[in-house]
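Notes follow the structure.
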Amino acid sequence: MTDLHPQRYRILITPDLDRHRFKGSVSIEMTAGRPVDRIHLNLLELAVWHCRLVNGRKWTELAFSTTPTDERLTIYLPGPQHGDLTLDIAYEGVINDQMAGFYRSQTVIDGQTHRLAVTQFQESSARRVLPCMDEPLHKAIFELTLTVPDHLAAIANTLPEKQVHPEPGLNQITFAPTPRMSTYLLFFGVGPFEITHDSQDRRVRLAHLPGQGHTTGLGLAFGRRALAFCEEYYGIAYPLPKMDLIAVPDFAFGAMENWGAITFRENLLLHFAESTSKAGVQRICEVIAHEIAHQWFGNLVTPSNWRYLWLNESFATYFGYGVVAHYHPEWEVWAQFLNGETATALTRDGLQETFAIEMPGGKAVAINASTAPIIYNKGGSILRMIEGFIGGDAYQEGVRGYLRQHQYQCAESRHLWEAFEAASAKPITAMMQTWIGQPGHPLVTVARQGDDLVLHQKRFTYLDADSDQTWDVPITLTAWDPDGQPSEMALMMRAPSATLSLPPGTAYYKLNNRQTGFYRVAYADTANFQALGRAISDQTLPDEDRWGVQNDLFALVRQGSRPLADYLDFLAHFDQEHAYLPLASIADHLFQAFLIASGQVQQRITDRGRRLVRQILDRIGCEPRDDDRQTTAILRDRLLWLGAVWDLDMAKDFGRARFRQLCSGAAVHPDIAKAVMQIGARTDGEAALTWLCERFGRSENEHERMNILAALGAFTDEALMERALAFSLTQVPPRNRFFPIVAAAANPLMQKSLWTWYQSRLSELETMHPLLYERIITAIVPYGGLGREDEVRTFGEAYMEQHPHITDAMRLALENLRINARAQRAWG
C-alpha cells in the first residue's frame, strides 16, 4: 500500500504503573494517493476497542480485524476513499518487562525503590504502543499527550507545550510536535526523573533518578562538545530545542538515539568518580558521540528500508570514534578502533555464515550477536577505508551534501555513494557495490618476481569455501630501499589478479598502509616476511602496520594455512614492543589459542603469555599511576587478569593482595578493580563468592556491579561456579544476567562443564531478552563444545528448527566451534 502515507499522529497515553497497563488513543492523519477500501497498520500486543473514520465533527464506526501472526490491524473503510483521511483508534496495552515497546524498570538508590516506564521502539516495537505504519519509510509528525501522576515526571522527544490537571493527582502534559520522523524514533518515559542542564549549552540536559545528580558532569560536558562538533562538521544546526541524555536502569542495548531523547544504560552515561575506570570514561564518551551522530545520520536522514540500516549504525560507529579522537587525541582512539572494531569485523566476516552489509530483502533486520559486527564494525571500517581513499576534505563534503539533499527524508546506500563521488570525482559507487552488496572480504596474496609484485585476491574464510568473488580493493603499499627510505604506491585492484612494479632495488615491502583497507594479506615471499619481522623489531613500521602483520598471520593460523608455531616464533619480533595496539592484539590472540589448545602446545602458549605479561608489567607496573596513558590503563587491567590465568606470580599475588584490601574496606583504583575482583574470585574461592554477592546487593552504581559480574565468572571450583551462576539467574536484574555466564565461557577451567550447565538451565535462559540470550550461545558453544562437537552440532541443528529466531546466533557459534575443533586437532 505504497500510496498511503501517514502525515501526523496525535497520541494520548495514560499509563498505570501499578497495574502495568496503559490506555491509549491515536488520531492518524494520512493521505491516500489512490482509492483504498481498507487500511493496514502494524499492531502487536494491543487490545483495540474501536476504530473510527473522522470527518470534521462527524465520525463513522469502522469494522476491523487483527492478525497477530502478521502483527497487523486491518481497518475496513465504508467505501473507496482517497485524499486526506483521519482515523481515531482507542486501545489498551501492557507495560511489559521485556525491555521493548513500553516497558517497566526499577532500581534502588539510597535504600529507596524507584519505578519508571520508558519506551524502546527500534526496530519494530512502536506497534506495541500504538497502531501505526511501523516502517522507517513512513515518516510523520508526532503530537504526544501523557496523563501521569503529578508526583512523576514525563519526558518525550520534545519539550512540554501545555499542562493541565484533568483531576486531582493527575498531570496531563502535551508535548510540542516532533519533526517529521520514523516511528522507531518516538520516545516517552514516566518516572521520578530529575533533569540537570549543562551550564554552557542549555539545550543539553541529563535525566537521571534521585540521588544521581553528582554523576552527570561528564555526560553533560561531553554531550555539549559532541553536539557542537557535529553541528560544525555537518554544517546543519541541530533542529530541536533540547537534547536529553536519559539514564535508564534496565536497558537491553547500550543506548538508543530517539530524536531529542537519547536513552542509555546507566554505566554508559553516569560517571561515578570512585568506580568509573579510564576505559569506562572513554566508553561513555564514545557512546554519547555515537548517539549524537545519529541525530543527523538516522534521524534527520533515515534509511528508506531496514536493509540500509548500516547507513545509521556504520556511520555513527565510525563518526563516534572521530568525535572522541578530536577532543582526546592522547587516548589513541584510532588504535582502539582497529583492535576493537576492525579486528572484530574481520573475524566475524571470515565465517562462511556471513552476509552483506546491505542486507537483501526489505524486512526488519534484527540487530543481534550475528549481525552487529557486520552492521556496526565492518560498516564503520569500510567508511574508514573510503575516507582514506578520497581524503578527509572530500569525505566531509560528501557527508554534508548527502545530509543537505535528503534531510527530513529517507535515503538509500547509493545516495551516500553518489555524494562521495560528487565530492571526490572518484568512482565510489562502482567500488562500493563490491563492498556492501556481497558478503565477506578478500585475502590478497602477494609474491615477488624480480621487481614486480603479483597479487591475487580471493575471499577469505576460515573454513574451506569455493568462491569467485572479487572486490575493488584500494591497494596501498610501502616499499623500502636498502637504505631504509620508504616509497608509497597505490593500485585499484578490480580483477582476480594484478601486477605492480616496485622501485628498482626494493629491499622489502608491506601492503595495506596503516591498515586502512578492509582486507587480509598473505606474503608468499619468505624473505620479505622475515624482513618485515626485522622492521617490527627495530620499530621501522608504524604501530598500525606492526599490528596488521601479526593480526593477518594469526588469521592464517586459524584458517589452517600456517602452523601455530609460526605465529609463536614470530612474536619474538615484539619483545621490545611498547605500543598498545600490537600488544593488546597479541595478548588476545594468545588467550584465544590458550582456550583451544591442550598439553604441550597449551604450555608453550602459557610460557609465551607469561613472558609477554611479565615484560609489560615490569615496565608499566601493576599499580595505576596518575600519569598513566589511557591505553596503558586499559592494557594493565587486561594483562593482570591474563597473567593470573597463566599462573604468573606477580599478577596473582598483586591481585590477591588488592582484593583482600578491598574486602577489608580499602579502596582499589577503578582502573584495576575488574582484574582485582576476577583474581580474587580465582584465588580466594568461597570467601570471594560471599563477598562479591554481598557487595553486589549493596552496590548502587552500574560500573561496580559490572565488575562484580565479570568476577562471578572467574571461579576455579565447579561447585562455586554453579553457585555463582545460580546467583546470577536469581539475584541479578534481567539486563545483566548474561554477563557472568559469558565471563565463565572464557574461563578455561569451566569450559567443559559449562555446556552441561547450559543444557540444564535451558528453560530459564530462554526467558531472557533474545539479544542477551544470543550472547550466551555465541560464548558457550565455540569453546564449551570442544571434545563433544557431534553432540553440540546435533543439538544446535534441532534447536534452530524449534527456535528459528535464534538461527543466526547458533550458526555463528557452530561455525566457530568447527574452526576451533579443527585447530585443536591440528595443534595436537
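Please note that chains go A, B, ... in the order of the C-alpha cells, that every chain numbers its residues from 1, and that ligands are numbered from 1 in the order shown.
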**Request:** Would you list the contacts of Ile292 in chain A as a list in words, taking every protein, DNA or RNA residue within 7 Å and counting only C-alpha atoms, but skipping same-chain residues closer than 3 positions in sequence?
**Result:**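 So, after excluding close chain neighbours, the residues are Ala226, Leu227, Ile288, Ala289 and Gln295 of chain A.
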Okay, now the selection with N, CA, C and O atoms, as a tab-separated table (two decimals), in the first residue's frame?
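part_15.tsv written:
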```
chain	number	residue	atom	x	y	z
A	226	ALA	N	30.19	17.10	21.91
A	226	ALA	CA	29.85	16.28	20.74
A	226	ALA	C	28.79	16.98	19.88
A	226	ALA	O	28.86	16.94	18.64
A	227	LEU	N	27.82	17.61	20.51
A	227	LEU	CA	26.80	18.34	19.76
A	227	LEU	C	27.42	19.48	18.97
A	227	LEU	O	27.10	19.68	17.79
A	288	ILE	N	28.08	8.38	23.81
A	288	ILE	CA	27.41	9.68	23.65
A	288	ILE	C	27.64	10.21	22.23
A	288	ILE	O	26.70	10.67	21.56
A	289	ALA	N	28.88	10.18	21.77
A	289	ALA	CA	29.18	10.68	20.42
A	289	ALA	C	28.44	9.88	19.36
A	289	ALA	O	27.93	10.44	18.38
A	295	GLN	N	21.65	11.77	15.47
A	295	GLN	CA	20.63	12.81	15.34
A	295	GLN	C	20.58	13.37	13.93
A	295	GLN	O	19.56	13.91	13.50
```
**Asked** What's the 9 Å shell around Arg21 in chain A, counting only C-alpha atoms, without same-chain residues fewer than 4 positions away, as a list in words?
**Response**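 The contact residues come out as Thr14, Pro15, Asp16, Leu17, Glu92, Gly93, Val94, Ile95 and Asn96 of chain A.
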**Prompt:** Could you pull the residues within 9 Å of Gly223 in chain A, counting only C-alpha atoms, minus those fewer than 5 positions along the same chain, as a list in words?
**Reply:** Asp198, Val204, Arg205, Leu218, Ala228, Met243, Leu245, Cys285, Ile288, Ala289 and Ile292 of chain A
Now that the selection is made, can you save its residues with N, CA, C and O atoms as an mmCIF file, in the first residue's frame?
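Result written to again.cif:
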```cif
data_model
loop_
_atom_site.group_PDB
_atom_site.id
_atom_site.type_symbol
_atom_site.label_atom_id
_atom_site.label_comp_id
_atom_site.auth_asym_id
_atom_site.auth_seq_id
_atom_site.Cartn_x
_atom_site.Cartn_y
_atom_site.Cartn_z
ATOM 1 N N ASP A 198 23.174 21.326 31.207
ATOM 2 C CA ASP A 198 24.566 21.736 31.029
ATOM 3 C C ASP A 198 24.670 23.234 31.289
ATOM 4 O O ASP A 198 23.786 24.010 30.883
ATOM 5 N N VAL A 204 21.381 20.933 26.204
ATOM 6 C CA VAL A 204 21.851 19.611 26.633
ATOM 7 C C VAL A 204 21.404 19.372 28.070
ATOM 8 O O VAL A 204 21.771 20.114 28.983
ATOM 9 N N ARG A 205 20.601 18.328 28.257
ATOM 10 C CA ARG A 205 20.071 18.002 29.573
ATOM 11 C C ARG A 205 20.340 16.517 29.866
ATOM 12 O O ARG A 205 20.386 15.698 28.945
ATOM 13 N N LEU A 218 30.279 14.506 33.544
ATOM 14 C CA LEU A 218 30.959 14.022 32.337
ATOM 15 C C LEU A 218 29.994 13.929 31.165
ATOM 16 O O LEU A 218 30.302 14.394 30.061
ATOM 17 N N ALA A 228 28.328 20.223 19.592
ATOM 18 C CA ALA A 228 28.987 21.327 18.895
ATOM 19 C C ALA A 228 29.817 20.823 17.723
ATOM 20 O O ALA A 228 29.811 21.419 16.631
ATOM 21 N N MET A 243 18.220 18.459 23.865
ATOM 22 C CA MET A 243 18.736 17.117 23.624
ATOM 23 C C MET A 243 18.915 16.447 24.978
ATOM 24 O O MET A 243 19.825 16.787 25.738
ATOM 25 N N LEU A 245 19.787 13.400 27.464
ATOM 26 C CA LEU A 245 20.528 12.163 27.665
ATOM 27 C C LEU A 245 19.904 11.511 28.895
ATOM 28 O O LEU A 245 19.946 12.075 29.987
ATOM 29 N N CYS A 285 32.062 8.441 26.607
ATOM 30 C CA CYS A 285 32.233 9.456 25.556
ATOM 31 C C CYS A 285 31.932 8.873 24.180
ATOM 32 O O CYS A 285 31.272 9.525 23.347
ATOM 33 N N ILE A 288 28.075 8.377 23.807
ATOM 34 C CA ILE A 288 27.413 9.680 23.648
ATOM 35 C C ILE A 288 27.641 10.214 22.235
ATOM 36 O O ILE A 288 26.701 10.671 21.560
ATOM 37 N N ALA A 289 28.878 10.176 21.768
ATOM 38 C CA ALA A 289 29.184 10.679 20.425
ATOM 39 C C ALA A 289 28.443 9.879 19.360
ATOM 40 O O ALA A 289 27.929 10.439 18.381
ATOM 41 N N ILE A 292 24.726 10.918 19.408
ATOM 42 C CA ILE A 292 24.505 12.274 18.909
ATOM 43 C C ILE A 292 24.739 12.337 17.406
ATOM 44 O O ILE A 292 24.028 13.049 16.684
#
```
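Nearest to Arg8 in chain A of all the residues A:Gln485, A:Thr145, A:Gln396, A:Thr178 is A:Thr178, based on only C-alpha atoms.
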**Prompt:** Quick one, how far is CA of Ile605 in chain A from CA of Arg514 in chain A?
**Reply:**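 Taking CA of Ile605 in chain A and CA of Arg514 in chain A, their separation equals 27.9 Å.
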**Request:** Just list the residues in range 321-476 of chain A DSSP gives helix (DSSP H, G or I) on the backbone, as a ChimeraX atom specification.
**Result:** /A:321-327,329-331,333-349,372-390,392-406,413-424,428-436
**Asked** What lies within 6 Å of Met30 in chain A using only C-alpha atoms, ignoring chain neighbours under 2 positions off, as a PyMOL selection string?
**Response** chain A and resi 5-7+84-85
**Request:** May I ask which of the residues A:Thr276, A:Thr147, A:Ser763, A:Asn513 is the closest one to His669 in chain A, counting only C-alpha atoms?
**Result:** A:Thr276
**Request:** From the DSSP assignment of the backbone, select every residue of range 124-343 of chain A that is strand (DSSP E), and format the answer as a ChimeraX atom specification.
**Result:** /A:141-149,153-156,160-164,170-175,188-191,194-197,204-208,243-248,255-256,261-265,301-303
Just the selected residues (C-alpha atoms), exported as a CSV table (one decimal), in the first residue's frame, please.
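File selection.csv, as written:
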```
chain,number,residue,atom,x,y,z
A,141,ILE,CA,4.9,14.3,12.7
A,142,PHE,CA,4.0,13.1,16.3
A,143,GLU,CA,2.0,15.0,18.8
A,144,LEU,CA,2.0,13.3,22.2
A,145,THR,CA,0.0,13.8,25.3
A,146,LEU,CA,0.7,11.9,28.5
A,147,THR,CA,-1.5,11.8,31.6
A,148,VAL,CA,0.6,10.8,34.6
A,149,PRO,CA,0.5,11.0,38.4
A,153,ALA,CA,8.0,13.5,35.6
A,154,ALA,CA,7.3,12.8,31.9
A,155,ILE,CA,9.9,13.1,29.2
A,156,ALA,CA,9.5,12.9,25.4
A,160,PRO,CA,6.1,20.3,27.0
A,161,GLU,CA,3.8,22.8,25.3
A,162,LYS,CA,0.8,22.6,27.6
A,163,GLN,CA,0.0,21.2,31.0
A,164,VAL,CA,-3.4,20.8,32.7
A,170,LEU,CA,-3.0,13.8,37.7
A,171,ASN,CA,-1.0,15.9,35.3
A,172,GLN,CA,-1.7,15.9,31.5
A,173,ILE,CA,1.2,17.1,29.5
A,174,THR,CA,1.1,17.9,25.8
A,175,PHE,CA,4.4,18.0,24.1
A,188,PHE,CA,8.4,8.8,26.1
A,189,GLY,CA,9.2,8.0,29.7
A,190,VAL,CA,7.5,8.3,33.0
A,191,GLY,CA,9.1,8.2,36.4
A,194,GLU,CA,15.3,14.8,37.7
A,195,ILE,CA,16.7,17.0,35.0
A,196,THR,CA,20.2,18.6,35.1
A,197,HIS,CA,21.1,21.2,32.5
A,204,VAL,CA,21.9,19.6,26.6
A,205,ARG,CA,20.1,18.0,29.6
A,206,LEU,CA,20.7,14.8,31.5
A,207,ALA,CA,17.7,12.9,33.0
A,208,HIS,CA,18.5,10.8,36.0
A,243,MET,CA,18.7,17.1,23.6
A,244,ASP,CA,18.1,14.8,26.6
A,245,LEU,CA,20.5,12.2,27.7
A,246,ILE,CA,18.5,9.7,29.8
A,247,ALA,CA,19.9,7.1,32.2
A,248,VAL,CA,17.7,4.0,32.3
A,255,ALA,CA,21.9,3.2,24.0
A,256,MET,CA,19.1,4.4,21.6
A,261,ALA,CA,15.6,11.9,24.0
A,262,ILE,CA,18.5,9.5,23.9
A,263,THR,CA,18.4,6.6,26.3
A,264,PHE,CA,21.4,4.9,27.8
A,265,ARG,CA,22.4,2.1,30.1
A,301,VAL,CA,18.1,11.4,7.2
A,302,THR,CA,16.7,7.9,7.7
A,303,PRO,CA,17.2,4.7,5.7
```
**Message:** Need to verify the contact set: Asn377 in chain A, 9 Å, only C-alpha atoms, exclusion of same-chain residues closer than 3 positions in sequence. Can you return it as an MDAnalysis selection string?
**Reply:** chainID A and resid 313:314 317:318 340:346 372:374 380:382
Emit the selected residues as a PDB file, in the first residue's frame, including N, CA, C and O atoms.
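again-v5.pdb was written with the following content:
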```pdb
ATOM      1  N   GLU A 313      24.072   2.868  11.504  1.00  0.00           N
ATOM      2  CA  GLU A 313      24.961   2.347  12.533  1.00  0.00           C
ATOM      3  C   GLU A 313      26.432   2.382  12.143  1.00  0.00           C
ATOM      4  O   GLU A 313      27.292   2.635  12.985  1.00  0.00           O
ATOM      5  N   SER A 314      26.740   2.109  10.900  1.00  0.00           N
ATOM      6  CA  SER A 314      28.141   2.154  10.479  1.00  0.00           C
ATOM      7  C   SER A 314      28.694   3.565  10.615  1.00  0.00           C
ATOM      8  O   SER A 314      29.807   3.775  11.122  1.00  0.00           O
ATOM      9  N   THR A 317      29.059   4.624  14.262  1.00  0.00           N
ATOM     10  CA  THR A 317      30.210   3.940  14.870  1.00  0.00           C
ATOM     11  C   THR A 317      31.508   4.657  14.510  1.00  0.00           C
ATOM     12  O   THR A 317      32.308   5.015  15.382  1.00  0.00           O
ATOM     13  N   TYR A 318      31.708   4.868  13.221  1.00  0.00           N
ATOM     14  CA  TYR A 318      32.951   5.497  12.772  1.00  0.00           C
ATOM     15  C   TYR A 318      33.041   6.942  13.243  1.00  0.00           C
ATOM     16  O   TYR A 318      34.070   7.383  13.768  1.00  0.00           O
ATOM     17  N   GLY A 340      39.427  -2.988  18.243  1.00  0.00           N
ATOM     18  CA  GLY A 340      38.095  -3.305  18.734  1.00  0.00           C
ATOM     19  C   GLY A 340      37.044  -3.442  17.657  1.00  0.00           C
ATOM     20  O   GLY A 340      36.173  -4.316  17.740  1.00  0.00           O
ATOM     21  N   GLU A 341      37.116  -2.610  16.631  1.00  0.00           N
ATOM     22  CA  GLU A 341      36.093  -2.614  15.587  1.00  0.00           C
ATOM     23  C   GLU A 341      36.537  -3.401  14.352  1.00  0.00           C
ATOM     24  O   GLU A 341      35.872  -4.339  13.935  1.00  0.00           O
ATOM     25  N   THR A 342      37.681  -3.010  13.766  1.00  0.00           N
ATOM     26  CA  THR A 342      38.107  -3.648  12.520  1.00  0.00           C
ATOM     27  C   THR A 342      38.482  -5.107  12.742  1.00  0.00           C
ATOM     28  O   THR A 342      38.092  -5.984  11.953  1.00  0.00           O
ATOM     29  N   ALA A 343      39.232  -5.408  13.783  1.00  0.00           N
ATOM     30  CA  ALA A 343      39.609  -6.795  14.038  1.00  0.00           C
ATOM     31  C   ALA A 343      38.380  -7.658  14.292  1.00  0.00           C
ATOM     32  O   ALA A 343      38.288  -8.794  13.803  1.00  0.00           O
ATOM     33  N   THR A 344      37.432  -7.148  15.052  1.00  0.00           N
ATOM     34  CA  THR A 344      36.197  -7.885  15.305  1.00  0.00           C
ATOM     35  C   THR A 344      35.444  -8.137  14.007  1.00  0.00           C
ATOM     36  O   THR A 344      34.930  -9.242  13.771  1.00  0.00           O
ATOM     37  N   ALA A 345      35.388  -7.128  13.152  1.00  0.00           N
ATOM     38  CA  ALA A 345      34.669  -7.269  11.884  1.00  0.00           C
ATOM     39  C   ALA A 345      35.349  -8.285  10.975  1.00  0.00           C
ATOM     40  O   ALA A 345      34.684  -9.125  10.354  1.00  0.00           O
ATOM     41  N   LEU A 346      36.671  -8.225  10.868  1.00  0.00           N
ATOM     42  CA  LEU A 346      37.385  -9.182  10.024  1.00  0.00           C
ATOM     43  C   LEU A 346      37.171 -10.617  10.511  1.00  0.00           C
ATOM     44  O   LEU A 346      36.981 -11.540   9.715  1.00  0.00           O
ATOM     45  N   ALA A 372      25.404  -7.617  14.330  1.00  0.00           N
ATOM     46  CA  ALA A 372      26.024  -6.375  14.818  1.00  0.00           C
ATOM     47  C   ALA A 372      27.459  -6.185  14.330  1.00  0.00           C
ATOM     48  O   ALA A 372      27.830  -5.077  13.927  1.00  0.00           O
ATOM     49  N   PRO A 373      28.327  -7.223  14.351  1.00  0.00           N
ATOM     50  CA  PRO A 373      29.703  -6.984  13.881  1.00  0.00           C
ATOM     51  C   PRO A 373      29.792  -6.583  12.412  1.00  0.00           C
ATOM     52  O   PRO A 373      30.777  -5.967  12.015  1.00  0.00           O
ATOM     53  N   ILE A 374      28.776  -6.930  11.614  1.00  0.00           N
ATOM     54  CA  ILE A 374      28.775  -6.519  10.211  1.00  0.00           C
ATOM     55  C   ILE A 374      28.217  -5.107  10.079  1.00  0.00           C
ATOM     56  O   ILE A 374      28.814  -4.236   9.450  1.00  0.00           O
ATOM     57  N   GLY A 380      31.624   0.454   9.766  1.00  0.00           N
ATOM     58  CA  GLY A 380      32.482   1.554  10.193  1.00  0.00           C
ATOM     59  C   GLY A 380      33.876   1.457   9.605  1.00  0.00           C
ATOM     60  O   GLY A 380      34.486   2.468   9.226  1.00  0.00           O
ATOM     61  N   SER A 381      34.396   0.235   9.509  1.00  0.00           N
ATOM     62  CA  SER A 381      35.734   0.043   8.939  1.00  0.00           C
ATOM     63  C   SER A 381      35.765   0.347   7.451  1.00  0.00           C
ATOM     64  O   SER A 381      36.764   0.866   6.930  1.00  0.00           O
ATOM     65  N   ILE A 382      34.679   0.036   6.750  1.00  0.00           N
ATOM     66  CA  ILE A 382      34.596   0.368   5.323  1.00  0.00           C
ATOM     67  C   ILE A 382      34.575   1.884   5.131  1.00  0.00           C
ATOM     68  O   ILE A 382      35.201   2.428   4.210  1.00  0.00           O
TER      69      ILE A 382
END
```
**Request:** Using only C-alpha atoms, pick whichever of A:Asn55, A:Ser561, A:Thr767, A:Asn528 has the shortest atom-to-atom distance to Phe738 in chain A.
**Result:**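 Of the candidates, the smallest distance to Phe738 in chain A is held by A:Thr767.
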**Request:** For range 710-721 of chain A, please output as JSON, numbers by chain all residues within 12 Å (counting only C-alpha atoms; exclusion window: fewer than 4 positions along the same chain).
**Result:** {"A": [641, 642, 644, 645, 659, 673, 674, 675, 676, 677, 678, 679, 680, 681, 682, 683, 684, 685, 686, 687, 688, 689, 690, 691, 692, 693, 695, 696, 703, 704, 705, 706, 725, 726, 727, 728, 729, 732, 736, 737, 738, 739, 740, 741, 742, 743, 744, 745, 746, 747, 748, 749, 750, 751, 752, 753, 754, 756, 757]}
